[in-house]
Amino acid sequence: ALVVGCGLGRDSEYVASLGFATTGFDISETAVRVARERHPGSPVDYRVADLLDPPPAWRHAFDLVVESNNVQALPRDLRARAIAGVSGFVAPGGTLLVLSAAAAEPGDEGPPWPLTREEIEGFAVGGLILAAIEDVPSPDDVSVRKWRAVLTRPA
């Protein structure tokens, strides 16, 4: 499994607890260092890497890819490239889980800038198929919406 923008490691540790051999990466060297310090003895392989220039060996290499709230933090002019990068990590037969704040249409509020449905659907590139997309109200505030999307790459 690959966790995009792993930050301090919470999602990576959870995915690893499900039995996945897990790599978590972040562009921030500090975040990766702190994740390693917070989770001593963790089986997660924490790496410093750039979503816009990832290691070539990661292309189509992961059975599960988790993208949670990272693309929405990027300026709109970088999003298509980032979305294609995330989608490119998914191996044949693999799954991509995308979690993000939701926007009805593009806006200038932010950062972060919530993703539109069109942007969520944009993860279905390079052979990925959108299997499910949900517009989920936040349990804390029903006026705040979130996307939960599952995409798959045929084997």
# chains A, B, ... in the order shown; residues from 1 in each chain; ligands from 1
>>> residues_around(residues="Phe20 of chain A", least_positions_apart="5", cutoff="9 Å", atoms="only C-alpha atoms", output="PDB file with N, CA, C and O atoms, in the first residue's frame")
ATOM      1  N   ALA A   1       0.845  -1.185   0.000  1.00  0.00           N
ATOM      2  CA  ALA A   1       0.000   0.000   0.000  1.00  0.00           C
ATOM      3  C   ALA A   1       0.882   1.237   0.000  1.00  0.00           C
ATOM      4  O   ALA A   1       2.003   1.213   0.518  1.00  0.00           O
ATOM      5  N   VAL A  15      -3.193   1.800   7.867  1.00  0.00           N
ATOM      6  CA  VAL A  15      -3.163   0.892   6.712  1.00  0.00           C
ATOM      7  C   VAL A  15      -2.259  -0.304   7.012  1.00  0.00           C
ATOM      8  O   VAL A  15      -2.614  -1.449   6.722  1.00  0.00           O
ATOM      9  N   LEU A  64      -2.928  -0.963  -3.111  1.00  0.00           N
ATOM     10  CA  LEU A  64      -3.822   0.018  -2.494  1.00  0.00           C
ATOM     11  C   LEU A  64      -3.085   1.342  -2.432  1.00  0.00           C
ATOM     12  O   LEU A  64      -1.933   1.397  -1.961  1.00  0.00           O
TER      13      LEU A  64
END
>>> select_by_dssp(residues="chain A", states="strand (DSSP E or B)", output="PyMOL selection string")
chain A and resi 2-4+23-26+45-48+50+53+62-68+90-103+115-116+129-137+145-152
>>> closest_residue(among="A:Arg33, A:Val44, A:Val144, A:Val86", to="Leu18 of chain A", atoms="only C-alpha atoms")
A:Val44
>>> atom_distance(atom1="atom CA of Phe62 of chain A", atom2="atom CA of Pro40 of chain A")
23.9 Å
>>> closest_residue(among="A:Thr30, A:Gln72, A:Ser12, A:Thr152", to="Asp45 of chain A", atoms="only C-alpha atoms")
A:Ser12
>>> closest_atom_pairs(of="segment 30-101 of chain A", to="segment 109-130 of chain A", cutoff="12 Å", atoms="only C-alpha atoms", output="tab-separated table")
residue	atom	partner	partner_atom	distance
A:Arg59	CA	A:Gly126	CA	11.3
A:His60	CA	A:Gly126	CA	10.2
A:Val65	CA	A:Phe123	CA	11.9
A:Glu67	CA	A:Phe123	CA	10.5
A:Ser68	CA	A:Leu115	CA	11.6
A:Asn69	CA	A:Pro112	CA	8.5
A:Asn70	CA	A:Pro112	CA	8.8
A:Val71	CA	A:Leu115	CA	8.1
A:Gln72	CA	A:Trp113	CA	5.2
A:Ala73	CA	A:Pro112	CA	4.4
A:Leu74	CA	A:Pro112	CA	7.3
A:Pro75	CA	A:Trp113	CA	7.7
A:Arg76	CA	A:Trp113	CA	8.1
A:Asp77	CA	A:Trp113	CA	11.8
A:Leu78	CA	A:Glu119	CA	11.9
A:Arg79	CA	A:Glu119	CA	8.3
A:Ala80	CA	A:Gly122	CA	7.7
A:Arg81	CA	A:Phe123	CA	10.4
A:Ala82	CA	A:Phe123	CA	9.4
A:Ile83	CA	A:Phe123	CA	5.6
A:Ala84	CA	A:Phe123	CA	6.6
A:Gly85	CA	A:Phe123	CA	9.2
A:Val86	CA	A:Phe123	CA	7.7
A:Ser87	CA	A:Phe123	CA	5.9
A:Gly88	CA	A:Gly126	CA	7.1
A:Phe89	CA	A:Gly126	CA	10.4
A:Val90	CA	A:Leu128	CA	8.2
A:Ala91	CA	A:Leu128	CA	9.8
A:Pro92	CA	A:Leu128	CA	9.2
A:Gly93	CA	A:Leu128	CA	9.8
A:Gly94	CA	A:Leu128	CA	9.2
A:Thr95	CA	A:Leu128	CA	8.7
A:Leu96	CA	A:Leu128	CA	8.7
A:Leu97	CA	A:Phe123	CA	10.1
A:Val98	CA	A:Ile120	CA	7.8
A:Leu99	CA	A:Ile120	CA	9.2
A:Ser100	CA	A:Leu115	CA	6.6
A:Ala101	CA	A:Pro114	CA	4.7
>>> write_last_selection(atoms="N, CA and C atoms", output="JSON list (two decimals), in the first residue's frame")
[["chain", "number", "residue", "atom", "x", "y", "z"],
["A", 59, "ARG", "N", 5.50, 3.48, -10.24],
["A", 59, "ARG", "CA", 4.45, 3.47, -11.27],
["A", 59, "ARG", "C", 3.79, 2.09, -11.34],
["A", 60, "HIS", "N", 2.48, 2.08, -11.15],
["A", 60, "HIS", "CA", 1.67, 0.85, -11.19],
["A", 60, "HIS", "C", 2.19, -0.21, -10.22],
["A", 65, "VAL", "N", -3.73, 2.40, -2.89],
["A", 65, "VAL", "CA", -3.20, 3.76, -2.79],
["A", 65, "VAL", "C", -4.24, 4.59, -2.04],
["A", 67, "GLU", "N", -5.17, 8.42, -0.97],
["A", 67, "GLU", "CA", -4.97, 9.87, -1.15],
["A", 67, "GLU", "C", -6.01, 10.56, -0.29],
["A", 68, "SER", "N", -5.55, 11.16, 0.81],
["A", 68, "SER", "CA", -6.46, 11.79, 1.76],
["A", 68, "SER", "C", -6.07, 13.24, 1.97],
["A", 69, "ASN", "N", -6.82, 14.13, 1.32],
["A", 69, "ASN", "CA", -6.71, 15.57, 1.56],
["A", 69, "ASN", "C", -5.39, 16.21, 1.14],
["A", 70, "ASN", "N", -4.69, 15.62, 0.17],
["A", 70, "ASN", "CA", -3.43, 16.22, -0.29],
["A", 70, "ASN", "C", -3.60, 17.06, -1.54],
["A", 71, "VAL", "N", -4.27, 16.50, -2.54],
["A", 71, "VAL", "CA", -4.43, 17.23, -3.80],
["A", 71, "VAL", "C", -5.17, 18.54, -3.56],
["A", 72, "GLN", "N", -6.12, 18.54, -2.64],
["A", 72, "GLN", "CA", -6.90, 19.76, -2.37],
["A", 72, "GLN", "C", -6.03, 20.88, -1.81],
["A", 73, "ALA", "N", -4.87, 20.55, -1.27],
["A", 73, "ALA", "CA", -3.97, 21.58, -0.73],
["A", 73, "ALA", "C", -3.11, 22.22, -1.81],
["A", 74, "LEU", "N", -3.16, 21.67, -3.01],
["A", 74, "LEU", "CA", -2.34, 22.19, -4.11],
["A", 74, "LEU", "C", -3.09, 23.26, -4.89],
["A", 75, "PRO", "N", -2.36, 24.23, -5.42],
["A", 75, "PRO", "CA", -3.00, 25.21, -6.31],
["A", 75, "PRO", "C", -3.64, 24.51, -7.51],
["A", 76, "ARG", "N", -4.70, 25.08, -8.02],
["A", 76, "ARG", "CA", -5.44, 24.45, -9.13],
["A", 76, "ARG", "C", -4.58, 24.15, -10.35],
["A", 77, "ASP", "N", -3.56, 24.97, -10.61],
["A", 77, "ASP", "CA", -2.74, 24.73, -11.81],
["A", 77, "ASP", "C", -1.85, 23.49, -11.68],
["A", 78, "LEU", "N", -1.72, 22.92, -10.50],
["A", 78, "LEU", "CA", -0.92, 21.70, -10.30],
["A", 78, "LEU", "C", -1.77, 20.44, -10.16],
["A", 79, "ARG", "N", -3.07, 20.63, -10.04],
["A", 79, "ARG", "CA", -3.92, 19.50, -9.69],
["A", 79, "ARG", "C", -3.97, 18.38, -10.73],
["A", 80, "ALA", "N", -4.11, 18.71, -11.99],
["A", 80, "ALA", "CA", -4.22, 17.65, -13.01],
["A", 80, "ALA", "C", -2.97, 16.77, -12.98],
["A", 81, "ARG", "N", -1.81, 17.40, -12.85],
["A", 81, "ARG", "CA", -0.56, 16.63, -12.78],
["A", 81, "ARG", "C", -0.51, 15.76, -11.53],
["A", 82, "ALA", "N", -0.94, 16.31, -10.39],
["A", 82, "ALA", "CA", -0.95, 15.55, -9.14],
["A", 82, "ALA", "C", -1.94, 14.40, -9.21],
["A", 83, "ILE", "N", -3.12, 14.65, -9.76],
["A", 83, "ILE", "CA", -4.14, 13.61, -9.88],
["A", 83, "ILE", "C", -3.62, 12.47, -10.76],
["A", 84, "ALA", "N", -3.01, 12.81, -11.88],
["A", 84, "ALA", "CA", -2.44, 11.77, -12.75],
["A", 84, "ALA", "C", -1.34, 11.00, -12.02],
["A", 85, "GLY", "N", -0.54, 11.70, -11.23],
["A", 85, "GLY", "CA", 0.52, 11.03, -10.47],
["A", 85, "GLY", "C", -0.04, 10.04, -9.48],
["A", 86, "VAL", "N", -1.05, 10.44, -8.72],
["A", 86, "VAL", "CA", -1.68, 9.53, -7.75],
["A", 86, "VAL", "C", -2.25, 8.32, -8.48],
["A", 87, "SER", "N", -2.98, 8.55, -9.55],
["A", 87, "SER", "CA", -3.60, 7.45, -10.30],
["A", 87, "SER", "C", -2.56, 6.49, -10.85],
["A", 88, "GLY", "N", -1.40, 7.01, -11.21],
["A", 88, "GLY", "CA", -0.34, 6.18, -11.78],
["A", 88, "GLY", "C", 0.31, 5.21, -10.82],
["A", 89, "PHE", "N", 0.08, 5.37, -9.53],
["A", 89, "PHE", "CA", 0.67, 4.47, -8.54],
["A", 89, "PHE", "C", -0.05, 3.13, -8.45],
["A", 90, "VAL", "N", -1.30, 3.07, -8.92],
["A", 90, "VAL", "CA", -2.16, 1.91, -8.71],
["A", 90, "VAL", "C", -1.77, 0.77, -9.66],
["A", 91, "ALA", "N", -1.50, -0.39, -9.07],
["A", 91, "ALA", "CA", -1.10, -1.59, -9.83],
["A", 91, "ALA", "C", -2.32, -2.20, -10.52],
["A", 92, "PRO", "N", -2.08, -3.02, -11.55],
["A", 92, "PRO", "CA", -3.18, -3.79, -12.13],
["A", 92, "PRO", "C", -3.86, -4.62, -11.04],
["A", 93, "GLY", "N", -5.18, -4.55, -10.99],
["A", 93, "GLY", "CA", -5.94, -5.23, -9.96],
["A", 93, "GLY", "C", -6.03, -4.44, -8.66],
["A", 94, "GLY", "N", -5.43, -3.23, -8.64],
["A", 94, "GLY", "CA", -5.36, -2.43, -7.42],
["A", 94, "GLY", "C", -6.51, -1.45, -7.26],
["A", 95, "THR", "N", -6.49, -0.78, -6.11],
["A", 95, "THR", "CA", -7.55, 0.13, -5.70],
["A", 95, "THR", "C", -6.96, 1.46, -5.26],
["A", 96, "LEU", "N", -7.64, 2.54, -5.60],
["A", 96, "LEU", "CA", -7.31, 3.88, -5.13],
["A", 96, "LEU", "C", -8.48, 4.39, -4.31],
["A", 97, "LEU", "N", -8.20, 4.83, -3.08],
["A", 97, "LEU", "CA", -9.18, 5.46, -2.22],
["A", 97, "LEU", "C", -8.84, 6.94, -2.15],
["A", 98, "VAL", "N", -9.80, 7.80, -2.53],
["A", 98, "VAL", "CA", -9.60, 9.25, -2.51],
["A", 98, "VAL", "C", -10.58, 9.85, -1.51],
["A", 99, "LEU", "N", -10.04, 10.63, -0.57],
["A", 99, "LEU", "CA", -10.83, 11.34, 0.43],
["A", 99, "LEU", "C", -10.48, 12.81, 0.33],
["A", 100, "SER", "N", -11.51, 13.67, 0.30],
["A", 100, "SER", "CA", -11.25, 15.09, 0.13],
["A", 100, "SER", "C", -12.45, 15.91, 0.57],
["A", 101, "ALA", "N", -12.19, 17.16, 0.91],
["A", 101, "ALA", "CA", -13.29, 18.10, 1.08],
["A", 101, "ALA", "C", -13.96, 18.28, -0.28]]
